[in-house]
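Shown next, in structure tokens, is the structure this report addresses.
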Amino acid sequence: MSTLARKIVTRWAECEAQPLPDGVAEAARMHLLDAIGVGLASAGSAIGSPYQAYADRRVAFGPASVFGRNEGTGPADAAMLNGGLIHSLEYDDTHTASIVHGSAVLAATALAAGEAYAATGADVLRAYALGWDVLIRFGQAAPGSFQAVGFQITSVGGALVAALIAARLMRLDNDKTVAAVGIALSQASGVFEFLSNGATVKSLHPGWAAHAGIVAAGLAEAGLTGPETSLEGRFGLFRGFARDEAAPDRLDADIATLGDVWHLTDAAFKFYPCCHYLHPFIEAAGQLAERGVMAASIEKLVCRVPEGAAGIICEPWAAKRAPASGHAARWSLPIAVAARLIDGKIDLDTFETPVSAAVRALAKRLEWEPLPGADFPRRFEAEIVCHLHNGDEQHVRVDDVYGNRSRPADPAAVLAKFRANAERSLPAASVFALETAMSRLERAHDLTELTAALRGRAEN
């Protein structure tokens with residue numbers, strides 16, 4: 001019998017003979033551009049400084065670009081650094097139903113491998129889009145199961161998909177590609193213990209997965225072998241990391257539609273640099289502000305939270321009310337809601353400085369309770385009940401977060417976000433050159449034009 005990894009690789013190879021549908025290609029370009037912008041914003045922010053310092057001290061020259069730098073390095077290191085930068089600000093895209101941050105892993109892998117192995121623009125975009133759809137299928141095969149055990153599906157599943165992308169861009173045959181996926185299983189990692197103190201290591205999860213995938217492909221090319229049963233095996237991805245016995249069968253039923261049914265077009269763009277579960281609550285707080293509710297008039301706020309989100313943004317509640325740093329507040333429901341009401345906005349500056357006394361004071365007046373009947377994670381819902389000192393109550397509800405499938409983002413908003421982010425690291429001419437290169441990526445013989453813009457070499 002053919003294993004799940006071999007079925008995916010076989011189907012992937014068949015898809016390579018077909019151009020991407022127009023809508024999928026456009027979505028892939030927009031998500032790839034968004035990811036590059038977020039990575040450049042991180043490279044120009046304090047949160048990205050550990051990656052830049054690491055590159056200064058330990059990275060050799062090579063063909064693959066690193067965000068915020070005008071020289072390249074080896075593809076595995078570039079993928080690690082760029083994946084970490086894309087995820088550092090919690091500003092990168094998400095497919096909500098599968099709970100995967102696809103681009104942080106997949107953009108980092110596709111760009112690094114594409115540059116290093118002289119892939120065409122069309123090959124890079126196709127590999128990136130197919131990678132998204134495989135990773136989404138991994139998440140949907142075991143909905144919430146990885147998170148319940150303490151693993152981030154983005155990283156543990158992402159390592160195997162990164163190996164797929166790298167192997168195909170290296171032009172490995174099907175046997176070696178299957179081996180690369182199996183090798184990557186032994187490198188997969190990424191746990192949620194960072195939540196205990198808001199440690200910045202979470203950003204490394206997708207970067208390490210991208211690194212693992214490129215190394216796995218290289219080792220497969222050199223003759224190392226991996227388990228064929230990397231997905232369904234007794235210690236494979238789903239049983240080892242998700243403890244989900246039924247997941248392999250769910251994935252098996254979904255493989256045949258790869259390349260025919262596309263999920264990338266449903267992936268959500270993020271417009272606040274914090275945990276996606278917080279976004280509908282930030283929107284709800286904005287609705288309260290639009291109604292004229294002032295922080296001083298609030299006696300108590302009760303946030304109703306979907307069960308699957310509460311463990312990340314509500315627990316432990318005492319720590320969420322008093323996060324150890326601005327960065328730790330990226331996963332804090334009370335701080336995010338309070339900051340929106342006190343400061344009138346949530347942006348990059350919100351989490352790059354210590355939480356103010358006024359925000360902390362309002363956060364102490366927040367409580368939370370479960371949201372009955374929530375459709376999480378297919379939709380990110382939120383309800384807030386605001387009790388005012390004068391005895392009045394205000395109720396607000398958000399049925400789904402802006403940027404998700406049911407409320408798709410305006411392309412102009414995505415481009416505005418990209419430009420603002422990219423200009424943290426690049427001059428305006430290079431930002432424009434990046435947009436131009438992306439618009440004609442499918443016609444590019446290689447990534448030379450994109451590389452020049454990424455490294456700030458566009459003509460002024």
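Note on naming: chains are A, B, ... as they come in the structure tokens, residues start from 1 per chain, ligands start from 1 in the order shown.
Excluding stretch 302-311 of chain A and any residue on its chain fewer than 4 positions from it, the residues at most 7 Å away by only C-alpha atoms are A:Tyr277, A:Glu315, A:Leu366, A:Glu367, A:Trp368, A:Glu369, A:Pro370, A:Leu371, A:Ala374, A:Phe376, A:Ala382, A:Glu383, A:Ile384, A:Val385, A:Cys386.
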Emit the selected residues as a CSV table (one decimal), in the first residue's frame, including all heavy atoms.
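To be explicit, this is the file written out as again14.csv:
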```csv
chain,number,residue,atom,x,y,z
A,277,TYR,N,-6.2,35.1,18.1
A,277,TYR,CA,-7.4,34.9,18.9
A,277,TYR,C,-7.8,36.2,19.5
A,277,TYR,O,-9.0,36.3,19.9
A,277,TYR,CB,-7.1,33.9,20.0
A,277,TYR,CG,-6.7,32.5,19.5
A,277,TYR,CD1,-6.1,31.6,20.5
A,277,TYR,CD2,-6.8,32.1,18.2
A,277,TYR,CE1,-5.7,30.3,20.1
A,277,TYR,CE2,-6.4,30.8,17.8
A,277,TYR,CZ,-5.8,30.0,18.8
A,277,TYR,OH,-5.4,28.7,18.4
A,315,GLU,N,-5.3,32.1,30.1
A,315,GLU,CA,-4.8,31.3,31.3
A,315,GLU,C,-3.2,31.3,31.3
A,315,GLU,O,-2.6,31.2,30.2
A,315,GLU,CB,-5.2,29.8,31.1
A,315,GLU,CG,-6.8,29.7,31.2
A,315,GLU,CD,-7.3,28.3,30.9
A,315,GLU,OE1,-6.4,27.5,30.5
A,315,GLU,OE2,-8.5,28.1,31.0
A,366,LEU,N,-11.2,43.5,33.9
A,366,LEU,CA,-11.7,42.5,33.0
A,366,LEU,C,-11.8,41.2,33.6
A,366,LEU,O,-11.0,40.8,34.4
A,366,LEU,CB,-10.7,42.5,31.8
A,366,LEU,CG,-11.0,43.3,30.6
A,366,LEU,CD1,-10.7,44.8,30.9
A,366,LEU,CD2,-10.2,42.9,29.3
A,367,GLU,N,-12.9,40.5,33.1
A,367,GLU,CA,-13.1,39.1,33.5
A,367,GLU,C,-13.4,38.3,32.2
A,367,GLU,O,-13.6,38.9,31.2
A,367,GLU,CB,-14.2,38.9,34.5
A,367,GLU,CG,-14.0,39.7,35.8
A,367,GLU,CD,-15.2,39.6,36.7
A,367,GLU,OE1,-16.2,38.9,36.3
A,367,GLU,OE2,-15.2,40.2,37.8
A,368,TRP,N,-13.3,37.0,32.3
A,368,TRP,CA,-13.7,36.2,31.1
A,368,TRP,C,-14.5,35.0,31.5
A,368,TRP,O,-14.5,34.5,32.6
A,368,TRP,CB,-12.5,35.8,30.3
A,368,TRP,CG,-11.7,34.6,30.9
A,368,TRP,CD1,-10.8,34.6,31.9
A,368,TRP,CD2,-11.9,33.2,30.5
A,368,TRP,NE1,-10.3,33.3,32.1
A,368,TRP,CE2,-11.0,32.4,31.3
A,368,TRP,CE3,-12.7,32.5,29.6
A,368,TRP,CZ2,-10.9,31.1,31.2
A,368,TRP,CZ3,-12.6,31.1,29.5
A,368,TRP,CH2,-11.7,30.4,30.3
A,369,GLU,N,-15.3,34.5,30.5
A,369,GLU,CA,-16.1,33.3,30.7
A,369,GLU,C,-16.2,32.6,29.4
A,369,GLU,O,-16.0,33.3,28.3
A,369,GLU,CB,-17.5,33.7,31.3
A,369,GLU,CG,-18.3,34.5,30.4
A,369,GLU,CD,-19.6,35.0,31.1
A,369,GLU,OE1,-19.6,35.1,32.3
A,369,GLU,OE2,-20.6,35.3,30.3
A,370,PRO,N,-16.6,31.3,29.3
A,370,PRO,CA,-16.7,30.6,28.1
A,370,PRO,C,-17.8,31.2,27.2
A,370,PRO,O,-18.8,31.7,27.7
A,370,PRO,CB,-17.0,29.2,28.5
A,370,PRO,CG,-16.5,29.1,29.9
A,370,PRO,CD,-16.7,30.4,30.5
A,371,LEU,N,-17.6,31.1,25.9
A,371,LEU,CA,-18.6,31.6,24.9
A,371,LEU,C,-19.3,30.3,24.4
A,371,LEU,O,-18.7,29.5,23.7
A,371,LEU,CB,-17.9,32.3,23.7
A,371,LEU,CG,-18.8,32.7,22.6
A,371,LEU,CD1,-19.9,33.7,23.0
A,371,LEU,CD2,-18.0,33.3,21.4
A,374,ALA,N,-19.6,28.4,20.4
A,374,ALA,CA,-18.6,29.0,19.5
A,374,ALA,C,-18.2,28.0,18.3
A,374,ALA,O,-18.1,26.8,18.6
A,374,ALA,CB,-17.4,29.4,20.2
A,376,PHE,N,-15.3,27.9,16.9
A,376,PHE,CA,-13.9,27.9,16.8
A,376,PHE,C,-13.4,26.5,16.4
A,376,PHE,O,-13.9,25.5,16.8
A,376,PHE,CB,-13.4,28.3,18.2
A,376,PHE,CG,-11.9,28.4,18.3
A,376,PHE,CD1,-11.2,29.6,18.1
A,376,PHE,CD2,-11.1,27.3,18.7
A,376,PHE,CE1,-9.9,29.6,18.2
A,376,PHE,CE2,-9.7,27.3,18.8
A,376,PHE,CZ,-9.1,28.5,18.5
A,382,ALA,N,-16.1,36.7,19.1
A,382,ALA,CA,-15.9,37.4,20.4
A,382,ALA,C,-17.2,38.1,20.9
A,382,ALA,O,-17.9,38.6,20.0
A,382,ALA,CB,-14.8,38.4,20.3
A,383,GLU,N,-17.4,38.1,22.2
A,383,GLU,CA,-18.4,38.9,22.8
A,383,GLU,C,-17.9,39.6,24.0
A,383,GLU,O,-17.0,39.0,24.7
A,383,GLU,CB,-19.6,38.0,23.2
A,383,GLU,CG,-20.4,37.4,22.1
A,383,GLU,CD,-21.6,36.6,22.6
A,383,GLU,OE1,-21.9,36.6,23.8
A,383,GLU,OE2,-22.3,36.0,21.8
A,384,ILE,N,-18.3,40.8,24.2
A,384,ILE,CA,-17.9,41.6,25.4
A,384,ILE,C,-19.2,42.2,26.0
A,384,ILE,O,-20.0,42.8,25.2
A,384,ILE,CB,-16.9,42.7,25.1
A,384,ILE,CG1,-15.6,42.1,24.5
A,384,ILE,CG2,-16.6,43.6,26.3
A,384,ILE,CD1,-14.6,43.2,24.2
A,385,VAL,N,-19.4,42.0,27.3
A,385,VAL,CA,-20.4,42.7,28.0
A,385,VAL,C,-19.7,43.8,28.9
A,385,VAL,O,-18.9,43.4,29.7
A,385,VAL,CB,-21.2,41.7,28.9
A,385,VAL,CG1,-22.3,42.5,29.6
A,385,VAL,CG2,-21.8,40.6,28.0
A,386,CYS,N,-20.1,45.0,28.6
A,386,CYS,CA,-19.5,46.1,29.3
A,386,CYS,C,-20.5,46.7,30.4
A,386,CYS,O,-21.5,47.2,30.0
A,386,CYS,CB,-19.1,47.2,28.3
A,386,CYS,SG,-18.4,48.7,29.0
```
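Proximity of A:Val149, A:Cys314, A:Ala162, A:Val431 to A:Ala127, computed with only C-alpha atoms, is greatest for A:Ala162.
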Report task. Find the residues near A:Glu442: any atom within 12 Å, counting only C-alpha atoms, skip ones fewer than 2 places away on the same chain, and give them as a PyMOL selection string. Result -> chain A and resi 19-20+22+25-26+28-29+119-127+436-440+444-447+450
Selection export as a PDB file, in the first residue's frame, atoms kept: N, CA and C atoms:
```
ATOM      1  N   PRO A  19      -0.608  24.947 -14.402  1.00  0.00           N
ATOM      2  CA  PRO A  19      -0.459  26.297 -13.836  1.00  0.00           C
ATOM      3  C   PRO A  19      -1.426  26.493 -12.675  1.00  0.00           C
ATOM      4  N   LEU A  20      -1.090  27.378 -11.769  1.00  0.00           N
ATOM      5  CA  LEU A  20      -2.003  27.697 -10.680  1.00  0.00           C
ATOM      6  C   LEU A  20      -3.237  28.392 -11.236  1.00  0.00           C
ATOM      7  N   ASP A  22      -5.981  31.218 -11.541  1.00  0.00           N
ATOM      8  CA  ASP A  22      -5.716  32.651 -11.384  1.00  0.00           C
ATOM      9  C   ASP A  22      -5.966  33.136  -9.956  1.00  0.00           C
ATOM     10  N   ALA A  25      -3.206  31.865  -7.661  1.00  0.00           N
ATOM     11  CA  ALA A  25      -1.938  32.567  -7.910  1.00  0.00           C
ATOM     12  C   ALA A  25      -1.961  33.961  -7.300  1.00  0.00           C
ATOM     13  N   GLU A  26      -3.084  34.663  -7.441  1.00  0.00           N
ATOM     14  CA  GLU A  26      -3.183  36.005  -6.861  1.00  0.00           C
ATOM     15  C   GLU A  26      -3.113  35.948  -5.343  1.00  0.00           C
ATOM     16  N   ALA A  28      -1.650  33.628  -3.579  1.00  0.00           N
ATOM     17  CA  ALA A  28      -0.279  33.270  -3.215  1.00  0.00           C
ATOM     18  C   ALA A  28       0.635  34.485  -3.280  1.00  0.00           C
ATOM     19  N   ARG A  29       0.503  35.292  -4.333  1.00  0.00           N
ATOM     20  CA  ARG A  29       1.341  36.501  -4.432  1.00  0.00           C
ATOM     21  C   ARG A  29       1.076  37.452  -3.266  1.00  0.00           C
ATOM     22  N   ALA A 119      15.487  28.319  -8.981  1.00  0.00           N
ATOM     23  CA  ALA A 119      14.141  27.960  -9.413  1.00  0.00           C
ATOM     24  C   ALA A 119      13.492  29.128 -10.150  1.00  0.00           C
ATOM     25  N   THR A 120      12.563  28.826 -11.023  1.00  0.00           N
ATOM     26  CA  THR A 120      11.813  29.890 -11.678  1.00  0.00           C
ATOM     27  C   THR A 120      10.811  30.496 -10.698  1.00  0.00           C
ATOM     28  N   GLY A 121      10.349  31.689 -11.015  1.00  0.00           N
ATOM     29  CA  GLY A 121       9.341  32.305 -10.175  1.00  0.00           C
ATOM     30  C   GLY A 121       8.071  31.488 -10.111  1.00  0.00           C
ATOM     31  N   ALA A 122       7.677  30.900 -11.240  1.00  0.00           N
ATOM     32  CA  ALA A 122       6.469  30.075 -11.273  1.00  0.00           C
ATOM     33  C   ALA A 122       6.623  28.850 -10.384  1.00  0.00           C
ATOM     34  N   ASP A 123       7.802  28.237 -10.393  1.00  0.00           N
ATOM     35  CA  ASP A 123       8.039  27.069  -9.546  1.00  0.00           C
ATOM     36  C   ASP A 123       7.959  27.438  -8.063  1.00  0.00           C
ATOM     37  N   VAL A 124       8.537  28.583  -7.719  1.00  0.00           N
ATOM     38  CA  VAL A 124       8.511  29.030  -6.322  1.00  0.00           C
ATOM     39  C   VAL A 124       7.087  29.305  -5.870  1.00  0.00           C
ATOM     40  N   LEU A 125       6.332  30.007  -6.681  1.00  0.00           N
ATOM     41  CA  LEU A 125       4.967  30.345  -6.295  1.00  0.00           C
ATOM     42  C   LEU A 125       4.107  29.087  -6.196  1.00  0.00           C
ATOM     43  N   ARG A 126       4.273  28.146  -7.113  1.00  0.00           N
ATOM     44  CA  ARG A 126       3.498  26.911  -7.070  1.00  0.00           C
ATOM     45  C   ARG A 126       3.857  26.090  -5.832  1.00  0.00           C
ATOM     46  N   ALA A 127       5.141  25.965  -5.541  1.00  0.00           N
ATOM     47  CA  ALA A 127       5.563  25.193  -4.371  1.00  0.00           C
ATOM     48  C   ALA A 127       5.035  25.819  -3.082  1.00  0.00           C
ATOM     49  N   THR A 436       6.691  45.279  -7.595  1.00  0.00           N
ATOM     50  CA  THR A 436       6.784  45.043  -9.037  1.00  0.00           C
ATOM     51  C   THR A 436       7.272  43.635  -9.327  1.00  0.00           C
ATOM     52  N   ALA A 437       8.314  43.201  -8.616  1.00  0.00           N
ATOM     53  CA  ALA A 437       8.845  41.856  -8.818  1.00  0.00           C
ATOM     54  C   ALA A 437       7.801  40.795  -8.504  1.00  0.00           C
ATOM     55  N   MET A 438       7.015  41.018  -7.464  1.00  0.00           N
ATOM     56  CA  MET A 438       5.997  40.045  -7.096  1.00  0.00           C
ATOM     57  C   MET A 438       4.897  39.983  -8.151  1.00  0.00           C
ATOM     58  N   SER A 439       4.556  41.115  -8.739  1.00  0.00           N
ATOM     59  CA  SER A 439       3.478  41.145  -9.722  1.00  0.00           C
ATOM     60  C   SER A 439       3.816  40.345 -10.970  1.00  0.00           C
ATOM     61  N   ARG A 440       5.101  40.146 -11.253  1.00  0.00           N
ATOM     62  CA  ARG A 440       5.499  39.389 -12.443  1.00  0.00           C
ATOM     63  C   ARG A 440       6.326  38.151 -12.086  1.00  0.00           C
ATOM     64  N   ALA A 444       9.057  35.144 -14.210  1.00  0.00           N
ATOM     65  CA  ALA A 444      10.489  35.326 -13.959  1.00  0.00           C
ATOM     66  C   ALA A 444      11.251  34.015 -14.140  1.00  0.00           C
ATOM     67  N   HIS A 445      12.386  34.072 -14.840  1.00  0.00           N
ATOM     68  CA  HIS A 445      13.218  32.882 -15.049  1.00  0.00           C
ATOM     69  C   HIS A 445      13.915  32.455 -13.756  1.00  0.00           C
ATOM     70  N   ASP A 446      14.114  33.404 -12.840  1.00  0.00           N
ATOM     71  CA  ASP A 446      14.701  33.113 -11.536  1.00  0.00           C
ATOM     72  C   ASP A 446      14.273  34.223 -10.581  1.00  0.00           C
ATOM     73  N   LEU A 447      14.860  34.258  -9.379  1.00  0.00           N
ATOM     74  CA  LEU A 447      14.448  35.249  -8.382  1.00  0.00           C
ATOM     75  C   LEU A 447      15.384  36.449  -8.320  1.00  0.00           C
ATOM     76  N   LEU A 450      13.632  39.825  -7.587  1.00  0.00           N
ATOM     77  CA  LEU A 450      13.133  39.843  -6.207  1.00  0.00           C
ATOM     78  C   LEU A 450      14.287  39.963  -5.219  1.00  0.00           C
TER      79      LEU A 450
END
```
Query raised in the report: Counting only C-alpha atoms, what is within 12 Å of A:Asp347, bar same-chain residues fewer than 3 positions away, as a VMD selection string?
Result: chain A and resid 89 to 91 270 to 274 279 282 326 330 336 339 to 340 343 to 344 350 to 353 417 420 to 421
